[in-house]
2 protein chains.
Amino acid sequence: MNVSRQQDAGAGAERGPRARTRRLMLETATRLMQSGSTPSVSEVAEAAQVSRATAYRYFPSQAALVHAVVDEALGPILTWQSRSKNAERRVAALIDTAMPRIETFEATFKAALKLSLEQWAQRQAGTLGAEPEFARGHRKVLLQDAVAPLEGRLPPKVHRRLVQSLSLIFGVELVIILKDMWGLGSAEMLSVAQWAASAMVRAAEAEALNEEVKS
Amino acid sequence: MNVSRQQDAGAGAERGPRARTRRLMLETATRLMQSGSTPSVSEVAEAAQVSRATAYRYFPSQAALVHAVVDEALGPILTWQSRSKNAERRVAALIDTAMPRIETFEATFKAALKLSLEQWAQRQAGTLGAEPEFARGHRKVLLQDAVAPLEGRLPPKVHRRLVQSLSLIFGVELVIILKDMWGLGSAEMLSVAQWAASAMVRAAEAEALNEEVKS
DNA sequence: TTTTTTGTGAGACGCGCGTATCGTATTGAC
DNA sequence: GTCAATACGATACGCGCGTCTCACAAAAAA
């Protein structure tokens, strides 16, 4: 078999009809999701004017579709970097940058959370075919980086606990609880998140200070 | 029409074959859910040895089923009361009481969250038939009650923000982030939650103190 | 006991998702 | 231009969910 025309399906393949159709579907899916819905593969196929069969060749399931759109939406957040050297400020800046983006892609991130819950349930039931295992761990590295200035100044245990606590007030969950459950607006949500984040960072710093005094 | 035999379908109706079958299904569903899965109405019907048609008469959808089981699981938490007068201690006690219960019914609460996300998506898409609107607001009153001792001592705005912040670190979301995402155990999860809660309560108290000094 | 109401079971139906199998059109190599 | 590889479309199938209808059984009312 001649494999000279074989196109690598990996991330580097940006040319050819395959990449073109994939882009078309991805953009259609993104557009549909931003307008609120969580389209099925069939719906995206119809909106993108491709056959259902073709659509399923690129995205075997709704999960794969959402996964791809999430990666798109996450892009600008993951490469973001703060210039400040103050941990509290860095965390605040991260929240200010990431949350509006998450709000813009609210439906997408909620769909991702929904899918991760679905996969968890299937894993519990034993009905699972070694799926790609939804990521959902980006906030760990982002927050870790944001509080990096405290790296040496805090005991490892306190440092880790701080990051874990911060990860509780960062992500779609924030939107779900504060906007959907409490009925807050975007600005109020950010304000609450900022306050909670500051409280945590300061508490960790104070704790570290106490340890120093004791010794 | 003679309505003398009409049985009120409300909460007070605990007798008759209807109530019996309902109990049977509810207990079967609870059992299945605690073993991890999120059973469909058909699956519960089979496990409870009732006809599919009958099952659908009591619980028209999986959502109704999960809703009922959540109410069962929530019961002991909602009636719980702390004797302490110290807000920080009360919050800690609430977390210590509620979280293990939530862990026990982990699959149920995750299913409830999943369903609320589903309903949100349908609401966005406009495809909605005026459903019962999943509650998911119990934590508000629980936390409100826990921090009640601070009611008068804190400015209303600070008080409200404290409760909203606490609601971020209380519920299934805690399990999802700390256990599933971080891989923590139950004890570690509780420890992180307690630390974060304390940090928030103390920060609110300190803030109130500062306001007093200023004036 | 007879009658009527009420709960239940069995089965058929439509619907949407995911899969598989065709035939056809487009593409790039020679 | 010719030919093979590849991408695409149309269609059919199985499956599970949710709904509906009809017949039967059980219980209460007459």
# chains A, B, ... in the order shown; residues from 1 in each chain; ligands from 1
>>> residues_around(residues="segment 131-146 of chain B", least_positions_apart="6", cutoff="9 Å", atoms="only C-alpha atoms (C1' of nucleotides)", output="number ranges by chain")
A: 181-182; B: 63-64, 67, 74, 77-78, 80-82, 86-94, 112-113, 115-116, 119, 160, 163-164, 166-167, 170-171
>>> residues_around(residues="DG11 of chain C", least_positions_apart="5", cutoff="12 Å", atoms="only C-alpha atoms (C1' of nucleotides)", output="MDAnalysis selection string")
(chainID B and resid 51:53) or (chainID D and resid 20:23)
>>> write_last_selection(atoms="C-alpha atoms (C1' of nucleotides)", output="PDB file, in the first residue's frame")
ATOM      1  CA  SER B  51     -43.949  -3.046  34.844  1.00  0.00           C
ATOM      2  CA  ARG B  52     -42.298  -0.276  32.896  1.00  0.00           C
ATOM      3  CA  ALA B  53     -45.673   1.366  32.395  1.00  0.00           C
TER       4      ALA B  53
ATOM      5  C1'  DC D  20     -49.990   5.459  24.342  1.00  0.00           C
ATOM      6  C1'  DT D  21     -53.666   1.994  24.267  1.00  0.00           C
ATOM      7  C1'  DC D  22     -56.026  -1.872  25.806  1.00  0.00           C
ATOM      8  C1'  DA D  23     -57.153  -5.709  28.756  1.00  0.00           C
TER       9       DA D  23
END
>>> interface_residues(of="chain D", to="chain B", cutoff="9 Å", atoms="only C-alpha atoms (C1' of nucleotides)", output="list in words")
DC17, DG18 and DA28 of chain D
>>> interface_residues(of="chain C", to="chain A", cutoff="12 Å", atoms="only C-alpha atoms (C1' of nucleotides)", output="PyMOL selection string")
chain C and resi 16-21+26-29
>>> interface_residues(of="chain B", to="chain A", cutoff="8 Å", atoms="only C-alpha atoms", output="PDB file with N, CA and C atoms, in the first residue's frame")
ATOM      1  N   GLY B  36     -23.705   3.158  42.800  1.00  0.00           N
ATOM      2  CA  GLY B  36     -22.906   3.863  41.802  1.00  0.00           C
ATOM      3  C   GLY B  36     -23.622   4.315  40.551  1.00  0.00           C
ATOM      4  N   SER B  37     -24.552   3.556  40.059  1.00  0.00           N
ATOM      5  CA  SER B  37     -25.145   3.862  38.760  1.00  0.00           C
ATOM      6  C   SER B  37     -26.188   4.977  38.860  1.00  0.00           C
ATOM      7  N   THR B  38     -26.637   5.441  37.737  1.00  0.00           N
ATOM      8  CA  THR B  38     -27.747   6.387  37.660  1.00  0.00           C
ATOM      9  C   THR B  38     -28.832   5.721  36.848  1.00  0.00           C
ATOM     10  N   ALA B 107     -23.288   9.474  44.005  1.00  0.00           N
ATOM     11  CA  ALA B 107     -23.845   9.253  42.670  1.00  0.00           C
ATOM     12  C   ALA B 107     -25.157  10.012  42.495  1.00  0.00           C
ATOM     13  N   LYS B 110     -24.448  13.792  42.168  1.00  0.00           N
ATOM     14  CA  LYS B 110     -23.848  14.059  40.867  1.00  0.00           C
ATOM     15  C   LYS B 110     -24.906  13.966  39.767  1.00  0.00           C
ATOM     16  N   ALA B 111     -25.776  13.004  39.890  1.00  0.00           N
ATOM     17  CA  ALA B 111     -26.853  12.877  38.912  1.00  0.00           C
ATOM     18  C   ALA B 111     -27.743  14.113  38.945  1.00  0.00           C
ATOM     19  N   LYS B 114     -26.002  16.881  37.209  1.00  0.00           N
ATOM     20  CA  LYS B 114     -26.053  16.610  35.771  1.00  0.00           C
ATOM     21  C   LYS B 114     -27.410  17.011  35.213  1.00  0.00           C
ATOM     22  N   LEU B 117     -27.866  20.723  34.927  1.00  0.00           N
ATOM     23  CA  LEU B 117     -27.140  21.243  33.763  1.00  0.00           C
ATOM     24  C   LEU B 117     -27.922  20.963  32.483  1.00  0.00           C
ATOM     25  N   GLU B 118     -28.518  19.779  32.434  1.00  0.00           N
ATOM     26  CA  GLU B 118     -29.322  19.419  31.269  1.00  0.00           C
ATOM     27  C   GLU B 118     -30.503  20.374  31.117  1.00  0.00           C
ATOM     28  N   ALA B 121     -29.455  23.721  29.819  1.00  0.00           N
ATOM     29  CA  ALA B 121     -29.209  23.692  28.376  1.00  0.00           C
ATOM     30  C   ALA B 121     -30.521  23.738  27.607  1.00  0.00           C
ATOM     31  N   GLN B 122     -31.497  22.971  28.083  1.00  0.00           N
ATOM     32  CA  GLN B 122     -32.795  22.959  27.406  1.00  0.00           C
ATOM     33  C   GLN B 122     -33.480  24.307  27.515  1.00  0.00           C
ATOM     34  N   GLN B 124     -31.950  27.128  27.665  1.00  0.00           N
ATOM     35  CA  GLN B 124     -31.255  27.987  26.717  1.00  0.00           C
ATOM     36  C   GLN B 124     -31.768  27.770  25.302  1.00  0.00           C
ATOM     37  N   ALA B 125     -31.953  26.511  24.975  1.00  0.00           N
ATOM     38  CA  ALA B 125     -32.373  26.172  23.617  1.00  0.00           C
ATOM     39  C   ALA B 125     -33.850  26.486  23.388  1.00  0.00           C
ATOM     40  N   ARG B 136     -31.798  22.729  44.165  1.00  0.00           N
ATOM     41  CA  ARG B 136     -30.384  23.042  44.336  1.00  0.00           C
ATOM     42  C   ARG B 136     -30.150  24.348  45.074  1.00  0.00           C
ATOM     43  N   GLY B 137     -30.938  24.673  46.078  1.00  0.00           N
ATOM     44  CA  GLY B 137     -30.696  25.898  46.813  1.00  0.00           C
ATOM     45  C   GLY B 137     -30.673  25.672  48.316  1.00  0.00           C
ATOM     46  N   ARG B 161     -22.014  38.352  51.305  1.00  0.00           N
ATOM     47  CA  ARG B 161     -20.879  37.880  50.524  1.00  0.00           C
ATOM     48  C   ARG B 161     -20.218  36.672  51.183  1.00  0.00           C
ATOM     49  N   GLN B 164     -22.333  33.643  50.400  1.00  0.00           N
ATOM     50  CA  GLN B 164     -22.153  33.254  49.001  1.00  0.00           C
ATOM     51  C   GLN B 164     -20.807  32.577  48.784  1.00  0.00           C
ATOM     52  N   SER B 165     -19.777  33.092  49.428  1.00  0.00           N
ATOM     53  CA  SER B 165     -18.456  32.474  49.299  1.00  0.00           C
ATOM     54  C   SER B 165     -18.445  31.078  49.904  1.00  0.00           C
ATOM     55  N   SER B 167     -20.864  29.084  50.126  1.00  0.00           N
ATOM     56  CA  SER B 167     -21.630  28.147  49.301  1.00  0.00           C
ATOM     57  C   SER B 167     -20.792  27.591  48.153  1.00  0.00           C
ATOM     58  N   LEU B 168     -19.654  28.237  47.913  1.00  0.00           N
ATOM     59  CA  LEU B 168     -18.772  27.729  46.852  1.00  0.00           C
ATOM     60  C   LEU B 168     -17.987  26.508  47.307  1.00  0.00           C
ATOM     61  N   ILE B 169     -17.794  26.396  48.611  1.00  0.00           N
ATOM     62  CA  ILE B 169     -16.980  25.291  49.118  1.00  0.00           C
ATOM     63  C   ILE B 169     -17.836  24.314  49.895  1.00  0.00           C
ATOM     64  N   GLU B 173     -19.898  19.843  44.429  1.00  0.00           N
ATOM     65  CA  GLU B 173     -18.785  20.438  43.700  1.00  0.00           C
ATOM     66  C   GLU B 173     -17.474  20.197  44.444  1.00  0.00           C
ATOM     67  N   LEU B 174     -17.534  20.246  45.759  1.00  0.00           N
ATOM     68  CA  LEU B 174     -16.362  19.982  46.581  1.00  0.00           C
ATOM     69  C   LEU B 174     -15.807  18.594  46.286  1.00  0.00           C
ATOM     70  N   ILE B 177     -14.272  18.411  42.682  1.00  0.00           N
ATOM     71  CA  ILE B 177     -12.976  19.065  42.492  1.00  0.00           C
ATOM     72  C   ILE B 177     -11.885  18.413  43.329  1.00  0.00           C
ATOM     73  N   LEU B 178     -12.155  18.212  44.606  1.00  0.00           N
ATOM     74  CA  LEU B 178     -11.081  17.734  45.482  1.00  0.00           C
ATOM     75  C   LEU B 178     -10.835  16.236  45.364  1.00  0.00           C
ATOM     76  N   MET B 181     -10.808  15.467  40.908  1.00  0.00           N
ATOM     77  CA  MET B 181      -9.793  16.190  40.147  1.00  0.00           C
ATOM     78  C   MET B 181      -8.440  16.136  40.835  1.00  0.00           C
ATOM     79  N   TRP B 182      -8.407  16.337  42.134  1.00  0.00           N
ATOM     80  CA  TRP B 182      -7.143  16.347  42.859  1.00  0.00           C
ATOM     81  C   TRP B 182      -6.769  14.965  43.377  1.00  0.00           C
ATOM     82  N   VAL B 192      -9.437  20.423  53.837  1.00  0.00           N
ATOM     83  CA  VAL B 192      -9.322  21.589  52.956  1.00  0.00           C
ATOM     84  C   VAL B 192     -10.559  22.469  53.085  1.00  0.00           C
ATOM     85  N   ALA B 193     -11.718  21.839  53.099  1.00  0.00           N
ATOM     86  CA  ALA B 193     -12.967  22.599  53.206  1.00  0.00           C
ATOM     87  C   ALA B 193     -13.008  23.383  54.520  1.00  0.00           C
ATOM     88  N   ALA B 196     -10.627  26.381  54.333  1.00  0.00           N
ATOM     89  CA  ALA B 196     -11.158  27.451  53.484  1.00  0.00           C
ATOM     90  C   ALA B 196     -12.311  28.167  54.178  1.00  0.00           C
ATOM     91  N   ALA B 199     -10.972  30.423  56.900  1.00  0.00           N
ATOM     92  CA  ALA B 199     -10.341  31.603  56.309  1.00  0.00           C
ATOM     93  C   ALA B 199     -11.392  32.638  55.932  1.00  0.00           C
ATOM     94  N   MET B 200     -12.480  32.188  55.377  1.00  0.00           N
ATOM     95  CA  MET B 200     -13.526  33.116  54.939  1.00  0.00           C
ATOM     96  C   MET B 200     -14.228  33.768  56.127  1.00  0.00           C
ATOM     97  N   ALA B 203     -11.946  36.234  57.784  1.00  0.00           N
ATOM     98  CA  ALA B 203     -11.742  37.420  56.949  1.00  0.00           C
ATOM     99  C   ALA B 203     -12.938  38.359  57.063  1.00  0.00           C
TER     100      ALA B 203
END
>>> atom_distance(atom1="atom CA of Glu106 of chain A", atom2="atom CA of Glu43 of chain A")
19.1 Å
>>> select_by_dssp(residues="segment 1-207 of chain A", states="alpha helix (DSSP H)", output="PyMOL selection string")
chain A and resi 16-34+41-48+52-58+62-78+87-104+106-125+138-146+156-166+172-174+186-207
>>> residues_around(residues="DC22 of chain C", least_positions_apart="2", cutoff="12 Å", atoms="only C-alpha atoms (C1' of nucleotides)", output="PyMOL selection string")
(chain C and resi 20+24) or (chain D and resi 9-12)
>>> write_last_selection(atoms="C-alpha atoms (C1' of nucleotides)", output="CSV table (one decimal), in the first residue's frame")
chain,number,residue,atom,x,y,z
C,20,DA,C1',-22.4,-0.1,9.3
C,24,DT,C1',-20.5,8.0,-5.8
D,9,DG,C1',-23.5,11.2,0.9
D,10,DA,C1',-27.6,8.3,1.3
D,11,DT,C1',-29.7,4.7,3.5
D,12,DA,C1',-30.8,1.1,6.7
>>> decode(residues="chain C", atoms="C-alpha atoms (C1' of nucleotides)", output="PDB file, in the first residue's frame")
ATOM      1  C1'  DT C   1     -73.040 -10.189  45.496  1.00  0.00           C
ATOM      2  C1'  DT C   2     -72.801  -6.953  41.938  1.00  0.00           C
ATOM      3  C1'  DT C   3     -70.975  -2.753  40.215  1.00  0.00           C
ATOM      4  C1'  DT C   4     -67.654   0.759  39.696  1.00  0.00           C
ATOM      5  C1'  DT C   5     -63.434   2.719  40.471  1.00  0.00           C
ATOM      6  C1'  DT C   6     -58.573   2.261  40.527  1.00  0.00           C
ATOM      7  C1'  DG C   7     -53.990   0.097  40.061  1.00  0.00           C
ATOM      8  C1'  DT C   8     -51.295  -2.864  37.143  1.00  0.00           C
ATOM      9  C1'  DG C   9     -49.217  -5.492  33.121  1.00  0.00           C
ATOM     10  C1'  DA C  10     -48.247  -6.323  28.228  1.00  0.00           C
ATOM     11  C1'  DG C  11     -47.333  -4.723  24.011  1.00  0.00           C
ATOM     12  C1'  DA C  12     -46.950  -1.414  20.068  1.00  0.00           C
ATOM     13  C1'  DC C  13     -45.338   2.968  18.391  1.00  0.00           C
ATOM     14  C1'  DG C  14     -42.436   7.066  17.312  1.00  0.00           C
ATOM     15  C1'  DC C  15     -38.098   9.289  18.002  1.00  0.00           C
ATOM     16  C1'  DG C  16     -33.211  10.295  18.171  1.00  0.00           C
ATOM     17  C1'  DC C  17     -28.626   8.512  18.697  1.00  0.00           C
ATOM     18  C1'  DG C  18     -24.708   5.795  17.119  1.00  0.00           C
ATOM     19  C1'  DT C  19     -23.119   2.266  13.683  1.00  0.00           C
ATOM     20  C1'  DA C  20     -22.414  -0.148   9.347  1.00  0.00           C
ATOM     21  C1'  DT C  21     -22.615  -0.637   4.481  1.00  0.00           C
ATOM     22  C1'  DC C  22     -23.239   0.651   0.306  1.00  0.00           C
ATOM     23  C1'  DG C  23     -22.367   3.715  -4.091  1.00  0.00           C
ATOM     24  C1'  DT C  24     -20.482   8.048  -5.806  1.00  0.00           C
ATOM     25  C1'  DA C  25     -17.468  12.147  -6.316  1.00  0.00           C
ATOM     26  C1'  DT C  26     -13.269  14.377  -5.548  1.00  0.00           C
ATOM     27  C1'  DT C  27      -8.484  14.397  -5.077  1.00  0.00           C
ATOM     28  C1'  DG C  28      -3.649  13.786  -6.098  1.00  0.00           C
ATOM     29  C1'  DA C  29       0.022  10.710  -8.312  1.00  0.00           C
ATOM     30  C1'  DC C  30       1.760   8.888 -12.433  1.00  0.00           C
TER      31       DC C  30
END
